[in-house]
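Novice: My structure file my_file_7.csv, CSV, C-alpha atoms and all ligand atoms, is below:
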chain,number,residue,atom,x,y,z
A,1,MET,CA,28.5,7.3,25.2
A,2,LYS,CA,28.7,3.5,24.7
A,3,ASN,CA,25.5,1.9,23.5
A,4,LEU,CA,25.3,-1.5,25.3
A,5,THR,CA,22.6,-2.9,23.0
A,6,LYS,CA,24.6,-2.1,19.9
A,7,GLU,CA,27.7,-3.7,21.5
A,8,LEU,CA,25.8,-6.8,22.5
A,9,TYR,CA,24.5,-7.0,18.9
A,10,SER,CA,27.9,-6.6,17.3
A,11,ASP,CA,29.5,-9.1,19.7
A,12,VAL,CA,26.9,-11.8,19.0
A,13,PHE,CA,26.2,-11.3,15.3
A,14,GLY,CA,29.6,-9.9,14.1
A,15,GLU,CA,28.3,-6.8,12.4
A,16,ALA,CA,26.6,-3.5,13.2
A,17,PRO,CA,22.8,-3.5,13.6
A,18,GLU,CA,20.6,-1.7,11.1
A,19,GLN,CA,18.3,-0.1,13.6
A,20,LEU,CA,17.9,0.5,17.3
A,21,ALA,CA,14.7,1.3,19.1
A,22,PHE,CA,13.7,2.1,22.7
A,23,ALA,CA,10.4,1.7,24.5
A,24,PRO,CA,9.7,2.6,28.1
A,25,GLY,CA,8.1,0.7,31.0
A,26,ARG,CA,5.1,2.2,32.6
A,27,ILE,CA,3.5,3.2,35.9
A,28,GLU,CA,-0.2,2.6,36.3
A,29,PHE,CA,-1.3,5.8,38.0
A,30,ILE,CA,-5.0,5.1,38.5
A,31,GLY,CA,-7.5,2.7,36.9
A,32,ASN,CA,-6.8,-0.8,38.0
A,33,HIS,CA,-8.0,-3.6,35.8
A,34,THR,CA,-10.3,-1.2,34.0
A,35,ASP,CA,-8.6,-1.5,30.6
A,36,TYR,CA,-10.0,-4.9,29.6
A,37,ASN,CA,-13.3,-3.8,31.0
A,38,GLY,CA,-13.7,-1.0,28.5
A,39,GLY,CA,-12.9,1.6,31.1
A,40,LEU,CA,-10.6,4.6,31.7
A,41,VAL,CA,-7.0,4.4,32.9
A,42,MET,CA,-4.1,6.8,33.5
A,43,GLY,CA,-0.5,5.9,33.4
A,44,ALA,CA,2.9,7.4,32.7
A,45,ALA,CA,5.8,6.1,30.7
A,46,VAL,CA,9.0,6.0,32.8
A,47,THR,CA,12.5,6.9,31.7
A,48,GLU,CA,13.6,3.3,32.1
A,49,GLY,CA,12.9,0.7,29.4
A,50,ILE,CA,14.0,-1.8,26.8
A,51,THR,CA,16.3,-1.1,23.9
A,52,VAL,CA,16.6,-3.5,20.9
A,53,ALA,CA,19.1,-3.6,18.1
A,54,VAL,CA,18.0,-5.4,14.9
A,55,GLY,CA,19.4,-6.3,11.5
A,56,ARG,CA,18.1,-8.4,8.6
A,57,ARG,CA,19.7,-11.8,7.8
A,58,LYS,CA,20.0,-13.6,4.5
A,59,ASP,CA,18.1,-16.7,5.5
A,60,ARG,CA,14.7,-17.2,7.1
A,61,THR,CA,15.9,-17.4,10.7
A,62,ILE,CA,15.1,-15.2,13.7
A,63,SER,CA,18.1,-15.1,16.0
A,64,LEU,CA,17.5,-13.6,19.4
A,65,ARG,CA,19.9,-12.7,22.2
A,66,SER,CA,19.3,-10.9,25.5
A,67,GLU,CA,21.9,-9.8,28.1
A,68,ALA,CA,21.0,-12.6,30.4
A,69,SER,CA,20.1,-15.5,28.1
A,70,LYS,CA,21.7,-17.6,25.4
A,71,ARG,CA,21.1,-17.1,21.8
A,72,VAL,CA,17.8,-18.7,20.5
A,73,ASP,CA,17.2,-19.4,16.8
A,74,ILE,CA,13.7,-19.8,15.4
A,75,SER,CA,12.4,-20.3,11.9
A,76,LEU,CA,10.4,-17.5,10.5
A,77,ASP,CA,8.2,-20.2,8.9
A,78,ASN,CA,7.3,-21.8,12.2
A,79,LEU,CA,6.5,-19.2,14.8
A,80,GLN,CA,5.5,-21.0,18.0
A,81,PRO,CA,5.5,-19.8,21.6
A,82,LEU,CA,8.3,-21.3,23.7
A,83,GLN,CA,8.2,-22.3,27.4
A,84,GLY,CA,10.7,-22.3,30.2
A,85,LYS,CA,14.0,-20.4,29.9
A,86,ASP,CA,13.4,-19.4,26.3
A,87,ALA,CA,9.9,-17.9,27.0
A,88,TRP,CA,11.3,-14.4,26.9
A,89,THR,CA,11.5,-14.8,23.1
A,90,ASN,CA,7.6,-14.9,22.9
A,91,TYR,CA,7.4,-11.1,23.1
A,92,PRO,CA,9.4,-10.3,20.0
A,93,VAL,CA,8.3,-13.4,18.1
A,94,GLY,CA,4.7,-12.6,19.0
A,95,VAL,CA,5.2,-9.1,17.6
A,96,THR,CA,6.7,-10.6,14.4
A,97,ASP,CA,3.6,-12.8,14.0
A,98,ALA,CA,1.2,-9.9,14.6
A,99,LEU,CA,3.1,-7.6,12.2
A,100,MET,CA,3.1,-10.3,9.5
A,101,ASP,CA,-0.7,-10.8,10.1
A,102,ALA,CA,-1.1,-7.0,9.7
A,103,GLY,CA,0.5,-7.2,6.3
A,104,MET,CA,4.3,-6.6,6.9
A,105,GLN,CA,6.3,-8.4,4.3
A,106,MET,CA,9.3,-10.4,5.7
A,107,PRO,CA,11.3,-12.0,2.9
A,108,VAL,CA,14.2,-12.8,5.3
A,109,GLY,CA,14.6,-13.3,9.0
A,110,TYR,CA,16.5,-11.0,11.4
A,111,ASN,CA,18.9,-10.8,14.3
A,112,ILE,CA,17.8,-9.1,17.5
A,113,ALA,CA,19.7,-8.2,20.7
A,114,VAL,CA,17.9,-6.7,23.7
A,115,THR,CA,19.0,-4.9,26.9
A,116,SER,CA,16.9,-3.5,29.8
A,117,THR,CA,17.2,-0.7,32.3
A,118,LEU,CA,13.9,-1.7,34.0
A,119,PRO,CA,14.1,-3.5,37.3
A,120,SER,CA,13.1,-7.0,36.4
A,121,GLY,CA,9.7,-8.2,37.6
A,122,ALA,CA,8.9,-4.9,39.2
A,123,GLY,CA,5.5,-4.7,37.6
A,124,MET,CA,6.5,-1.9,35.3
A,125,SER,CA,5.7,-3.8,32.2
A,126,SER,CA,9.0,-4.7,30.6
A,127,SER,CA,7.0,-7.1,28.4
A,128,ALA,CA,5.0,-4.2,26.7
A,129,ALA,CA,8.3,-2.2,26.4
A,130,PHE,CA,9.9,-5.2,24.7
A,131,GLU,CA,6.9,-5.6,22.3
A,132,LEU,CA,6.9,-1.9,21.4
A,133,ALA,CA,10.6,-1.6,20.9
A,134,THR,CA,10.6,-4.7,18.7
A,135,ALA,CA,7.6,-3.4,16.7
A,136,TYR,CA,9.2,0.0,16.0
A,137,ALA,CA,12.5,-1.6,15.0
A,138,LEU,CA,11.1,-4.3,12.7
A,139,ALA,CA,8.7,-1.9,11.0
A,140,SER,CA,11.6,0.3,10.3
A,141,ILE,CA,13.8,-2.3,8.7
A,142,TYR,CA,11.0,-4.0,6.7
A,143,GLY,CA,9.4,-0.8,5.6
A,144,TYR,CA,6.0,-1.0,7.4
A,145,ALA,CA,4.1,2.1,8.4
A,146,ALA,CA,1.9,2.3,11.4
A,147,ASP,CA,0.9,5.0,13.9
A,148,LYS,CA,1.3,4.9,17.7
A,149,ALA,CA,-2.2,3.4,18.3
A,150,GLN,CA,-1.6,0.7,15.7
A,151,PHE,CA,1.8,-0.2,17.3
A,152,ALA,CA,0.1,-0.4,20.7
A,153,ARG,CA,-2.5,-2.8,19.3
A,154,ILE,CA,0.1,-4.9,17.6
A,155,GLY,CA,1.9,-5.2,21.0
A,156,ARG,CA,-1.3,-6.1,22.8
A,157,ARG,CA,-2.2,-8.7,20.1
A,158,ALA,CA,1.2,-10.4,20.6
A,159,GLU,CA,0.6,-10.5,24.3
A,160,ASN,CA,-3.1,-11.8,24.0
A,161,GLU,CA,-2.6,-14.2,21.2
A,162,PHE,CA,1.0,-15.4,21.3
A,163,VAL,CA,2.1,-15.0,24.9
A,164,GLY,CA,-1.4,-16.0,26.0
A,165,MET,CA,-2.0,-13.2,28.6
A,166,PRO,CA,-5.5,-11.6,28.3
A,167,CYS,CA,-4.3,-8.1,29.2
A,168,GLY,CA,-5.9,-4.8,28.1
A,169,ILE,CA,-4.2,-1.9,26.2
A,170,LEU,CA,-2.8,0.0,29.2
A,171,ASP,CA,0.8,-1.2,29.1
A,172,GLN,CA,1.3,-1.0,25.3
A,173,GLY,CA,-0.7,2.2,25.0
A,174,VAL,CA,1.3,4.0,27.7
A,175,SER,CA,4.6,2.7,26.3
A,176,ALA,CA,3.6,4.1,22.8
A,177,PHE,CA,2.1,7.4,23.9
A,178,GLY,CA,4.2,8.4,26.9
A,179,GLU,CA,5.6,11.9,27.0
A,180,HIS,CA,8.1,13.7,29.1
A,181,SER,CA,6.4,15.0,32.3
A,182,ALA,CA,3.0,13.9,31.1
A,183,LEU,CA,0.3,11.4,32.1
A,184,VAL,CA,-1.3,9.3,29.4
A,185,ARG,CA,-5.1,8.8,29.6
A,186,ILE,CA,-6.7,6.0,27.8
A,187,ASP,CA,-10.4,5.5,27.1
A,188,CYS,CA,-10.2,1.8,26.5
A,189,GLN,CA,-13.7,1.5,25.0
A,190,SER,CA,-12.9,3.8,22.1
A,191,GLU,CA,-9.2,3.2,22.3
A,192,SER,CA,-8.5,6.9,22.3
A,193,PHE,CA,-5.3,8.1,23.9
A,194,SER,CA,-4.5,11.6,25.2
A,195,THR,CA,-1.8,13.2,27.3
A,196,PHE,CA,-1.7,16.0,29.8
A,197,ALA,CA,1.1,17.6,31.8
A,198,MET,CA,1.8,16.3,35.3
A,199,PRO,CA,1.6,19.0,38.0
A,200,LYS,CA,5.0,20.5,38.5
A,201,GLY,CA,7.2,19.4,41.4
A,202,THR,CA,5.5,16.0,41.7
A,203,HIS,CA,7.4,12.7,41.7
A,204,PHE,CA,7.0,9.0,41.3
A,205,TRP,CA,8.7,6.5,43.6
A,206,ILE,CA,8.4,2.8,43.0
A,207,PHE,CA,8.8,0.3,45.8
A,208,ASP,CA,9.1,-3.2,44.3
A,209,SER,CA,8.0,-5.6,47.0
A,210,ASN,CA,10.2,-8.3,45.3
A,211,VAL,CA,7.4,-10.7,46.0
A,212,LYS,CA,5.6,-12.4,43.1
A,213,HIS,CA,2.6,-14.6,43.4
A,214,ALA,CA,3.5,-18.0,42.0
A,215,LEU,CA,0.4,-18.1,39.9
A,216,VAL,CA,0.3,-14.4,38.9
A,217,ASP,CA,-0.7,-15.1,35.3
A,218,SER,CA,-3.5,-17.5,36.2
A,219,ALA,CA,-4.7,-15.1,38.9
A,220,TYR,CA,-4.9,-12.3,36.3
A,221,ALA,CA,-6.8,-14.6,33.9
A,222,GLU,CA,-9.2,-15.5,36.8
A,223,ARG,CA,-10.0,-11.9,37.5
A,224,HIS,CA,-10.6,-11.3,33.8
A,225,LYS,CA,-13.1,-14.2,33.8
A,226,GLU,CA,-14.8,-13.0,36.9
A,227,CYS,CA,-15.4,-9.5,35.4
A,228,HIS,CA,-16.7,-11.2,32.3
A,229,ASP,CA,-19.1,-13.4,34.4
A,230,ALA,CA,-20.3,-10.3,36.4
A,231,LEU,CA,-21.0,-8.4,33.2
A,232,ALA,CA,-23.1,-11.4,31.8
A,233,ILE,CA,-25.3,-11.4,34.9
A,234,LEU,CA,-25.6,-7.6,34.9
A,235,GLN,CA,-26.6,-7.6,31.2
A,236,LYS,CA,-29.8,-9.5,32.1
A,237,THR,CA,-31.0,-6.4,33.9
A,238,TYR,CA,-29.1,-3.8,31.9
A,239,PRO,CA,-28.9,-5.2,28.3
A,240,GLN,CA,-27.6,-1.9,26.9
A,241,ALA,CA,-24.4,-2.3,28.9
A,242,LYS,CA,-21.5,-3.4,26.7
A,243,THR,CA,-18.9,-3.5,29.4
A,244,LEU,CA,-18.7,-3.1,33.2
A,245,THR,CA,-17.9,0.6,32.5
A,246,ASP,CA,-21.4,1.2,31.3
A,247,ILE,CA,-22.8,0.2,34.7
A,248,SER,CA,-23.2,2.9,37.5
A,249,GLU,CA,-22.6,2.1,41.1
A,250,ALA,CA,-26.3,2.5,41.8
A,251,GLN,CA,-27.2,0.0,39.1
A,252,LEU,CA,-24.6,-2.4,40.4
A,253,ARG,CA,-26.1,-2.2,43.9
A,254,THR,CA,-29.5,-3.2,42.5
A,255,CYS,CA,-28.0,-6.5,41.4
A,256,GLU,CA,-25.9,-7.3,44.5
A,257,ALA,CA,-28.0,-10.3,45.5
A,258,THR,CA,-28.0,-11.9,42.0
A,259,LEU,CA,-24.3,-11.3,41.6
A,260,GLY,CA,-23.4,-12.9,44.9
A,261,PRO,CA,-20.7,-11.5,47.1
A,262,LEU,CA,-17.6,-12.4,45.1
A,263,LEU,CA,-18.7,-11.1,41.7
A,264,PHE,CA,-20.3,-8.0,43.3
A,265,ARG,CA,-16.9,-7.1,44.9
A,266,ARG,CA,-15.1,-7.6,41.6
A,267,ALA,CA,-17.5,-5.4,39.7
A,268,LEU,CA,-17.5,-2.8,42.4
A,269,HIS,CA,-13.7,-2.5,42.1
A,270,ILE,CA,-14.0,-1.8,38.3
A,271,VAL,CA,-17.0,0.6,38.6
A,272,GLY,CA,-15.2,2.4,41.5
A,273,GLU,CA,-11.9,2.6,39.6
A,274,ASN,CA,-13.6,4.2,36.6
A,275,ASP,CA,-15.2,6.8,38.9
A,276,ARG,CA,-11.8,7.4,40.5
A,277,VAL,CA,-10.1,8.0,37.2
A,278,CYS,CA,-12.6,10.8,36.5
A,279,LEU,CA,-12.2,12.2,39.9
A,280,VAL,CA,-8.4,12.2,39.6
A,281,GLU,CA,-8.6,13.9,36.2
A,282,GLN,CA,-10.8,16.7,37.6
A,283,ALA,CA,-8.6,17.1,40.7
A,284,LEU,CA,-5.4,17.3,38.6
A,285,GLN,CA,-7.0,20.1,36.5
A,286,ILE,CA,-7.4,22.2,39.6
A,287,ASN,CA,-4.1,21.1,41.1
A,288,ASP,CA,-5.9,19.5,44.1
A,289,LEU,CA,-3.1,17.0,44.8
A,290,ARG,CA,-4.5,15.9,48.1
A,291,ALA,CA,-7.7,14.8,46.4
A,292,VAL,CA,-5.6,12.9,43.8
A,293,GLY,CA,-3.6,11.2,46.6
A,294,ASP,CA,-6.7,10.3,48.5
A,295,ALA,CA,-8.1,8.6,45.4
A,296,LEU,CA,-4.9,6.6,45.0
A,297,TYR,CA,-5.3,5.3,48.6
A,298,VAL,CA,-8.9,4.4,48.1
A,299,SER,CA,-7.9,2.6,44.9
A,300,HIS,CA,-5.5,0.5,46.8
A,301,GLU,CA,-8.1,-0.3,49.5
A,302,SER,CA,-10.5,-1.4,46.8
A,303,SER,CA,-7.8,-3.7,45.4
A,304,ARG,CA,-7.3,-5.1,48.9
A,305,VAL,CA,-10.9,-5.7,49.9
A,306,ASN,CA,-12.8,-6.0,46.6
A,307,PHE,CA,-10.5,-7.3,43.9
A,308,ASP,CA,-8.2,-9.4,46.2
A,309,ASN,CA,-5.2,-8.5,44.0
A,310,SER,CA,-3.1,-7.0,46.8
A,311,ILE,CA,-0.8,-8.9,49.2
A,312,GLN,CA,0.3,-8.1,52.7
A,313,GLN,CA,3.7,-6.7,51.6
A,314,LEU,CA,2.0,-4.2,49.3
A,315,ASP,CA,-0.5,-3.3,52.0
A,316,PHE,CA,2.4,-2.7,54.4
A,317,LEU,CA,4.2,-0.4,51.9
A,318,VAL,CA,1.1,1.6,51.2
A,319,HIS,CA,0.4,2.0,55.0
A,320,ALA,CA,4.0,3.1,55.5
A,321,MET,CA,3.6,5.8,52.8
A,322,LYS,CA,0.5,7.1,54.5
A,323,GLN,CA,2.7,8.0,57.5
A,324,GLN,CA,5.0,10.1,55.3
A,325,PRO,CA,3.9,13.8,55.1
A,326,HIS,CA,5.4,14.3,51.6
A,327,VAL,CA,3.5,11.5,50.0
A,328,TYR,CA,0.2,12.5,48.3
A,329,GLY,CA,-0.9,9.0,47.8
A,330,ALA,CA,0.2,5.4,47.1
A,331,ARG,CA,-1.3,2.2,45.6
A,332,LEU,CA,-0.3,-1.0,44.0
A,333,THR,CA,0.6,-0.4,40.4
A,334,GLY,CA,-0.3,-2.9,37.6
A,335,GLY,CA,-1.9,-6.3,37.8
A,336,GLY,CA,-1.1,-6.9,41.5
A,337,PHE,CA,-0.7,-10.3,43.2
A,338,GLY,CA,2.8,-9.1,44.1
A,339,GLY,CA,4.9,-6.5,42.3
A,340,ALA,CA,5.2,-2.9,43.2
A,341,VAL,CA,3.7,0.1,45.0
A,342,MET,CA,3.7,3.5,43.4
A,343,ALA,CA,4.0,6.5,45.6
A,344,TYR,CA,3.1,10.0,44.2
A,345,THR,CA,5.1,12.6,46.2
A,346,ASN,CA,6.2,16.1,46.4
A,347,ALA,CA,9.9,17.1,46.0
A,348,ALA,CA,10.6,16.9,49.8
A,349,PHE,CA,10.2,13.1,49.7
A,350,GLY,CA,13.8,11.9,49.2
A,351,GLU,CA,16.3,9.2,49.6
A,352,SER,CA,16.2,9.2,53.4
A,353,GLU,CA,12.4,8.9,53.5
A,354,ALA,CA,12.5,6.1,51.0
A,355,ASN,CA,15.2,4.4,53.0
A,356,ALA,CA,13.1,4.6,56.1
A,357,VAL,CA,10.2,2.9,54.4
A,358,SER,CA,12.4,0.1,52.9
A,359,LEU,CA,14.1,-0.4,56.3
A,360,ALA,CA,10.7,-0.8,58.0
A,361,TYR,CA,9.7,-3.2,55.2
A,362,LYS,CA,12.9,-5.3,55.6
A,363,GLU,CA,12.3,-5.5,59.4
A,364,GLU,CA,8.8,-6.7,58.9
A,365,PHE,CA,9.3,-9.2,56.1
A,366,SER,CA,13.1,-9.8,55.8
A,367,ILE,CA,12.9,-8.8,52.2
A,368,GLN,CA,14.8,-6.0,50.6
A,369,ALA,CA,12.5,-3.8,48.5
A,370,THR,CA,13.9,-2.4,45.3
A,371,VAL,CA,13.4,1.4,45.2
A,372,LEU,CA,13.3,3.5,42.1
A,373,HIS,CA,12.8,7.3,41.9
A,374,THR,CA,11.6,7.9,38.4
A,375,SER,CA,9.8,10.4,36.3
A,376,ALA,CA,7.5,10.5,33.3
A,377,GLY,CA,9.4,10.0,30.1
A,378,SER,CA,8.9,9.7,26.4
A,379,GLY,CA,7.2,6.9,24.5
A,380,ALA,CA,8.6,4.3,22.1
A,381,THR,CA,11.0,5.7,19.5
A,382,LEU,CA,13.6,4.7,16.9
A,383,LEU,CA,17.1,5.6,18.0
B,401,LIG,C1,-1.4,-5.6,33.8
B,401,LIG,C2,-2.0,-5.7,32.4
B,401,LIG,C3,-2.8,-4.4,32.0
B,401,LIG,C4,-3.8,-4.0,33.1
B,401,LIG,C5,-3.1,-4.0,34.5
B,401,LIG,C6,-4.1,-3.8,35.6
B,401,LIG,O1,-0.4,-4.6,33.9
B,401,LIG,O2,-1.0,-6.0,31.5
B,401,LIG,O3,-3.4,-4.6,30.8
B,401,LIG,O4,-4.9,-4.9,33.1
B,401,LIG,O5,-2.4,-5.3,34.8
B,401,LIG,O6,-4.7,-2.6,35.5
For the structure just supplied, provide its representation as structure tokens.
Specialist:
Amino acid sequence: MKNLTKELYSDVFGEAPEQLAFAPGRIEFIGNHTDYNGGLVMGAAVTEGITVAVGRRKDRTISLRSEASKRVDISLDNLQPLQGKDAWTNYPVGVTDALMDAGMQMPVGYNIAVTSTLPSGAGMSSSAAFELATAYALASIYGYAADKAQFARIGRRAENEFVGMPCGILDQGVSAFGEHSALVRIDCQSESFSTFAMPKGTHFWIFDSNVKHALVDSAYAERHKECHDALAILQKTYPQAKTLTDISEAQLRTCEATLGPLLFRRALHIVGENDRVCLVEQALQINDLRAVGDALYVSHESSRVNFDNSIQQLDFLVHAMKQQPHVYGARLTGGGFGGAVMAYTNAAFGESEANAVSLAYKEEFSIQATVLHTSAGSGATLL
């Protein structure tokens, strides 16, 4: 089979790459915005993702090329985030910066070519996949050893410090730890990662609304700050709480008046999501998929009314799923403010059901949703 990434690399750089690496995108299954609040979250790596091809150069230049964009050259001695059309380079360059900070020696620069099988902008975290694939490939050619958790942290660091997005560890953690037919559970306080098998015969369907909030990054940062502000107020009454995850719903309710309605709703979403991750975990253990599905719907409702990170198109899609008998549950997946809905279904939900939902969506909003039937796949790997 032809390898497109290898071909792109050879066409652009005139030689064969030294190393290829792949990292998957992810589904956020349950646990919305819990990661940077020290909480619990469950996700799954998907079979689609990002492949990079890399090779060392003789000078100190990093030369980057994607399928869709022109070649960009950057000096290894002056790593700066770029804006506008070249901003896609911030992911691999941020990873380079983080790897160098972690002690990786880079006497020379490198060439990199990248291709993707992820639907673009679908909220399946192509950025984390790009970071992880780059980290694996560069560590291999420069001889740097790290384990999966360290690679996930390097990816997150690139995103937080170089790209400037204050995300948690969910996307990078799932991209690193994903396994075939498995869910990844992350305790973000201790940064411990575990996997467990998905119930047999269950499926993921992604419905990308193809709507993106114009200010999605600043809306995310605003929620991050609101959670931080809510915690600071709660700590006056509960000084032992290190994160919102250490607060129970009962404790939260005693502080409702001091928090005010907005911060109370934000904190209620986080505290509720943590409880739902526990509930889902228990329900999965006894194969109670109806209970799992109900928690997914409740999660979406909490996004809608408490966290204000849903939009009417996502609400419509979730509502449409609820009418479908073969859907256990559905919710927005990822940061929100646009993006995609994830539906967790049994095997009887198929193309015709998916088409009916996207047709209804098109009639309502005159937008074509992008539909993807996917399954839980393996994490980042060298090829
Ligand atoms: C984005 C971020 C993640 C996480 C989710 C919301 O995907 O990158 O770190 O916060 O949103 O749960």
Novice: Could you tell me which of A:Gly103, A:Ala376, A:Thr5, A:Tyr144 comes closest to Thr195 in chain A if we count all atoms listed in the file?
Specialist: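 Among the listed residues, A:Ala376 lies closest to Thr195 in chain A.
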Novice: Using only C-alpha atoms and all ligand atoms, tabulate the residues of chain A lying at most 9 Å from any atom of ligand LIG 401 (chain B), each with its closest atom pair and that distance in Å to one decimal, by chain and increasing residue number, as CSV.
Specialist:
residue,atom,partner,partner_atom,distance
A:Arg26,CA,B:LIG401,O1,8.8
A:Ile27,CA,B:LIG401,O1,8.9
A:Glu28,CA,B:LIG401,O6,6.9
A:Ile30,CA,B:LIG401,O6,8.3
A:Gly31,CA,B:LIG401,O6,6.2
A:Asn32,CA,B:LIG401,O6,3.7
A:His33,CA,B:LIG401,O6,3.5
A:Thr34,CA,B:LIG401,O6,6.0
A:Asp35,CA,B:LIG401,O4,5.6
A:Tyr36,CA,B:LIG401,O4,6.2
A:Asn37,CA,B:LIG401,O4,8.7
A:Val41,CA,B:LIG401,O6,7.8
A:Gly123,CA,B:LIG401,O1,7.0
A:Met124,CA,B:LIG401,O1,7.5
A:Ser125,CA,B:LIG401,O1,6.4
A:Ser127,CA,B:LIG401,O2,8.6
A:Ala128,CA,B:LIG401,O2,7.9
A:Arg156,CA,B:LIG401,O3,8.4
A:Glu159,CA,B:LIG401,O2,8.6
A:Met165,CA,B:LIG401,O2,7.8
A:Pro166,CA,B:LIG401,O3,7.7
A:Cys167,CA,B:LIG401,O3,4.0
A:Gly168,CA,B:LIG401,O3,3.7
A:Ile169,CA,B:LIG401,O3,5.4
A:Leu170,CA,B:LIG401,O3,4.9
A:Asp171,CA,B:LIG401,C3,5.6
A:Gln172,CA,B:LIG401,O3,8.1
A:Tyr220,CA,B:LIG401,O5,7.6
A:His224,CA,B:LIG401,O4,8.6
A:Thr333,CA,B:LIG401,C6,7.5
A:Gly334,CA,B:LIG401,O1,4.1
A:Gly335,CA,B:LIG401,O5,3.2
A:Gly336,CA,B:LIG401,O5,7.0
Novice: Take CA of Ser248 in chain A and CA of Val280 in chain A and report the distance between them in Å, one decimal.
Specialist: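 One can read the CA of Ser248 in chain A to CA of Val280 in chain A distance as 17.6 Å.
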Novice: Counting only C-alpha atoms, which residue out of A:Ala250, A:Ala354, A:Ile154, A:Ala44 sits closest to Leu183 in chain A?
Specialist: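 That would be A:Ala44, the residue with the smallest distance to Leu183 in chain A.
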Novice: Select, from A:Ala16, A:Val114, A:Leu76, A:Ile286, the residue with the minimum atom-to-atom distance to Leu4 in chain A, counting only C-alpha atoms.
Specialist: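 When distances to Leu4 in chain A are compared using only C-alpha atoms, the smallest one comes from A:Val114.
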Novice: Hey, which of A:Leu252, A:Lys6, A:Leu382, A:Leu372 ends up closest to Ala176 in chain A? Count only C-alpha atoms.
Specialist: A:Leu382
Novice: Considering only C-alpha atoms, can you say which of A:Leu314, A:Val184, A:Ala267, A:Ala135 comes closest to Lys225 in chain A?
Specialist: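 Distance minimum relative to Lys225 in chain A lands on A:Ala267.
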Novice: For range 139-142 of chain A, find every residue with an atom within 12 Å (counting all atoms listed in the file), except residues of its own chain fewer than 2 positions away, and show them as a PDB file with C-alpha atoms, in the frame of the given file.
Specialist:
ATOM      1  CA  PRO A  17      22.800  -3.500  13.600  1.00  0.00           C
ATOM      2  CA  GLU A  18      20.600  -1.700  11.100  1.00  0.00           C
ATOM      3  CA  GLN A  19      18.300  -0.100  13.600  1.00  0.00           C
ATOM      4  CA  LEU A  20      17.900   0.500  17.300  1.00  0.00           C
ATOM      5  CA  ALA A  21      14.700   1.300  19.100  1.00  0.00           C
ATOM      6  CA  ALA A  53      19.100  -3.600  18.100  1.00  0.00           C
ATOM      7  CA  VAL A  54      18.000  -5.400  14.900  1.00  0.00           C
ATOM      8  CA  GLY A  55      19.400  -6.300  11.500  1.00  0.00           C
ATOM      9  CA  ARG A  56      18.100  -8.400   8.600  1.00  0.00           C
ATOM     10  CA  ARG A  57      19.700 -11.800   7.800  1.00  0.00           C
ATOM     11  CA  VAL A  95       5.200  -9.100  17.600  1.00  0.00           C
ATOM     12  CA  THR A  96       6.700 -10.600  14.400  1.00  0.00           C
ATOM     13  CA  ALA A  98       1.200  -9.900  14.600  1.00  0.00           C
ATOM     14  CA  LEU A  99       3.100  -7.600  12.200  1.00  0.00           C
ATOM     15  CA  MET A 100       3.100 -10.300   9.500  1.00  0.00           C
ATOM     16  CA  ALA A 102      -1.100  -7.000   9.700  1.00  0.00           C
ATOM     17  CA  GLY A 103       0.500  -7.200   6.300  1.00  0.00           C
ATOM     18  CA  MET A 104       4.300  -6.600   6.900  1.00  0.00           C
ATOM     19  CA  GLN A 105       6.300  -8.400   4.300  1.00  0.00           C
ATOM     20  CA  MET A 106       9.300 -10.400   5.700  1.00  0.00           C
ATOM     21  CA  PRO A 107      11.300 -12.000   2.900  1.00  0.00           C
ATOM     22  CA  VAL A 108      14.200 -12.800   5.300  1.00  0.00           C
ATOM     23  CA  GLY A 109      14.600 -13.300   9.000  1.00  0.00           C
ATOM     24  CA  TYR A 110      16.500 -11.000  11.400  1.00  0.00           C
ATOM     25  CA  ASN A 111      18.900 -10.800  14.300  1.00  0.00           C
ATOM     26  CA  ILE A 112      17.800  -9.100  17.500  1.00  0.00           C
ATOM     27  CA  LEU A 132       6.900  -1.900  21.400  1.00  0.00           C
ATOM     28  CA  ALA A 133      10.600  -1.600  20.900  1.00  0.00           C
ATOM     29  CA  THR A 134      10.600  -4.700  18.700  1.00  0.00           C
ATOM     30  CA  ALA A 135       7.600  -3.400  16.700  1.00  0.00           C
ATOM     31  CA  TYR A 136       9.200   0.000  16.000  1.00  0.00           C
ATOM     32  CA  ALA A 137      12.500  -1.600  15.000  1.00  0.00           C
ATOM     33  CA  TYR A 144       6.000  -1.000   7.400  1.00  0.00           C
ATOM     34  CA  ALA A 145       4.100   2.100   8.400  1.00  0.00           C
ATOM     35  CA  ALA A 146       1.900   2.300  11.400  1.00  0.00           C
ATOM     36  CA  ASP A 147       0.900   5.000  13.900  1.00  0.00           C
ATOM     37  CA  GLN A 150      -1.600   0.700  15.700  1.00  0.00           C
ATOM     38  CA  PHE A 151       1.800  -0.200  17.300  1.00  0.00           C
ATOM     39  CA  ILE A 154       0.100  -4.900  17.600  1.00  0.00           C
ATOM     40  CA  THR A 381      11.000   5.700  19.500  1.00  0.00           C
ATOM     41  CA  LEU A 382      13.600   4.700  16.900  1.00  0.00           C
ATOM     42  CA  LEU A 383      17.100   5.600  18.000  1.00  0.00           C
TER      43      LEU A 383
END
Novice: Show me, as a ChimeraX atom specification, the residues that have an atom within 9 Å of Asp208 in chain A when counting only C-alpha atoms, minus same-chain residues fewer than 2 positions from it.
Specialist: /A:119,121-123,206,210-211,314,338-342,368-372
Novice: What gap, in Å, lies between CA of Glu48 in chain A and CA of Ser116 in chain A?
Specialist: 7.9 Å
